[in-house]
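Visitor: Let me begin by handing over the structure; questions about it come next.
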Amino acid sequence: MAATETPSTSSDFLDTEYRLRDVGLFLRQAFHTFRATGAVAPSGPALSNALTRFLAEREDTGTGLSILEAGAGTGPVSRAIAAQMREGDTADLVESNAEFADYLRDLTTTDPALSRVADQLTVHQALVTDLGTDRRYDLIISGLPFANFTAEEVREIFEYYFTVLRPGGRLSFFGYLYTKQVKAVVAPRDAFLQQARSSWVVEEWVNRYGIGSERVLPNIPPAWIHHLRKPIEE
Ligand SMILES: C[S@@+](CC[C@H](N)C(=O)[O-])C[C@H]1O[C@@H](n2cnc3c(N)ncnc32)[C@H](O)[C@@H]1O
């Protein structure tokens, strides 16, 4: 629905109501925990849909996929994942912030897209790297704010993702356009250098395993996405 349209059906009203609740909670948490939250608003529909591209475009092989969403926040991407889930698929929705995790648990019973597949979803309140390495995923969708993390933290998270990804599995993650340029002008030198170092780690993984990148301009703020694939054999 375009921003200027007026909701006209009960499901439009429900959607708008959910989005307003999401934005309110997100802004409060961003204010208190900006380093971990790393954004000023939940992802919009264009970004959520682009992140779930592989689910939407997959062929019907008859086997379920195991999906990990890291940093689910107030659940805009979780909803897009749920909307594409089929019988046999499972998804772990991981969120470190306890208020967001409680909110997500609530959504699995109240939100139409999430409640449709509620018995295929598990919400974890945890740091993603604390989930353990005895799991395997076909698809990881990451919303973690790498720009706010140190290079060591970013490396640890990529190593974790590539441990739990199955060979041939995909990782899609996003960040915001121009944050480095903005930090170069407004942030202290240390903060700028920290982001530069963590972005080099991101680049290293993209150069090694990248299979596509895109820009999503209709999002607040505009975003980039990288899609990576773990090789079948290394
Ligand atoms: C940029 S927000 C994205 C939220 C949501 N996916 C969206 O697109 O609107 C990042 C989220 O990651 C969570 N987060 C940060 N570090 C995390 C970690 N190590 N493990 C799990 N969640 C984390 C934050 O609490 C926040 O909700």
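Order determines the names: the first chain of the structure tokens is A, the second B, and so forth; residues in each chain are numbered 1 upward, and ligands are numbered 1 upward as they are shown.
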Determine, counting only C-alpha atoms, which protein, DNA and RNA residues have an atom within 12 Å of an atom of A:Gly75; residues of the same chain fewer than 5 positions away are not included. Present the result as a count of residues only.

Guide: 35

Visitor: Leaving out A:Arg35 and any residue of its chain fewer than 5 positions from it, which residues lie within 8 Å of it when counting only C-alpha atoms, given as a VMD selection string?

Guide: chain A and resid 145 148 to 149

Visitor: Store the residues of this selection in a file with all heavy atoms, as an mmCIF file, in the first residue's frame.

Guide:
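After the write, again28.cif holds the following:
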```
data_model
loop_
_atom_site.group_PDB
_atom_site.id
_atom_site.type_symbol
_atom_site.label_atom_id
_atom_site.label_comp_id
_atom_site.auth_asym_id
_atom_site.auth_seq_id
_atom_site.Cartn_x
_atom_site.Cartn_y
_atom_site.Cartn_z
ATOM 1 N N PRO A 145 22.847 -5.412 12.734
ATOM 2 C CA PRO A 145 23.454 -4.130 12.317
ATOM 3 C C PRO A 145 24.980 -4.184 12.340
ATOM 4 O O PRO A 145 25.611 -3.674 13.264
ATOM 5 C CB PRO A 145 22.897 -3.149 13.361
ATOM 6 C CG PRO A 145 22.664 -3.978 14.583
ATOM 7 C CD PRO A 145 22.370 -5.377 14.133
ATOM 8 N N ASN A 148 27.368 -1.370 13.313
ATOM 9 C CA ASN A 148 27.569 -0.949 14.713
ATOM 10 C C ASN A 148 28.461 -1.906 15.487
ATOM 11 O O ASN A 148 28.703 -1.701 16.669
ATOM 12 C CB ASN A 148 26.217 -0.874 15.438
ATOM 13 C CG ASN A 148 25.377 0.276 14.945
ATOM 14 O OD1 ASN A 148 25.772 0.958 14.015
ATOM 15 N ND2 ASN A 148 24.240 0.490 15.550
ATOM 16 N N PHE A 149 28.896 -2.994 14.840
ATOM 17 C CA PHE A 149 29.682 -4.004 15.534
ATOM 18 C C PHE A 149 31.169 -3.821 15.235
ATOM 19 O O PHE A 149 31.544 -3.237 14.224
ATOM 20 C CB PHE A 149 29.260 -5.410 15.078
ATOM 21 C CG PHE A 149 27.858 -5.813 15.484
ATOM 22 C CD1 PHE A 149 27.311 -7.003 15.018
ATOM 23 C CD2 PHE A 149 27.082 -5.028 16.320
ATOM 24 C CE1 PHE A 149 26.023 -7.397 15.384
ATOM 25 C CE2 PHE A 149 25.798 -5.406 16.695
ATOM 26 C CZ PHE A 149 25.276 -6.593 16.228
#
```

Visitor: Using only C-alpha atoms, which residue out of A:Ala30, A:Met85, A:Leu177, A:Ala98 lies closest to A:Pro222?

Guide: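 Among A:Ala30, A:Met85, A:Leu177, A:Ala98, it is A:Leu177 that comes nearest to A:Pro222.
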
Visitor: Enumerate the residues of stretch 19-78 of chain A with a DSSP assignment of helix (DSSP H, G or I), computed from the backbone, and present them as a ChimeraX atom specification.

Guide: /A:19-32,34-37,45-51,53-57,76-78

Visitor: Work out how far atom 6 (N, counted along the ligand's line) of ligand 1 is from atom CA of A:Leu65, in Å to one decimal.

Guide: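 Atom CA of A:Leu65 sits 19.6 Å away from atom 6 (N, counted along the ligand's line) of ligand 1.
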
Visitor: Could you pull the residues within 10 Å of A:Lys180, counting only C-alpha atoms, minus those fewer than 6 positions along the same chain, as a list in words?

Guide: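 Skipping anything fewer than 6 positions along the chain leaves Ala147, Ala187, Ala191, Phe192, Leu193, Gln195, Ala196 and Ser199 of chain A.
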
Visitor: Of the residues A:Glu99, A:Glu159, A:Glu152, A:Glu214, which is the one nearest to ligand 1, using only C-alpha atoms and all ligand atoms?

Guide: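 Of A:Glu99, A:Glu159, A:Glu152, A:Glu214, the one nearest ligand 1, counting only C-alpha atoms and all ligand atoms, is A:Glu99.
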
Visitor: When you count only C-alpha atoms and all ligand atoms, which of these residues is closest to ligand 1: A:Glu87, A:Gly62, A:Ala50, A:Val128?

Guide: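 Smallest separation from ligand 1 among the options: A:Val128.
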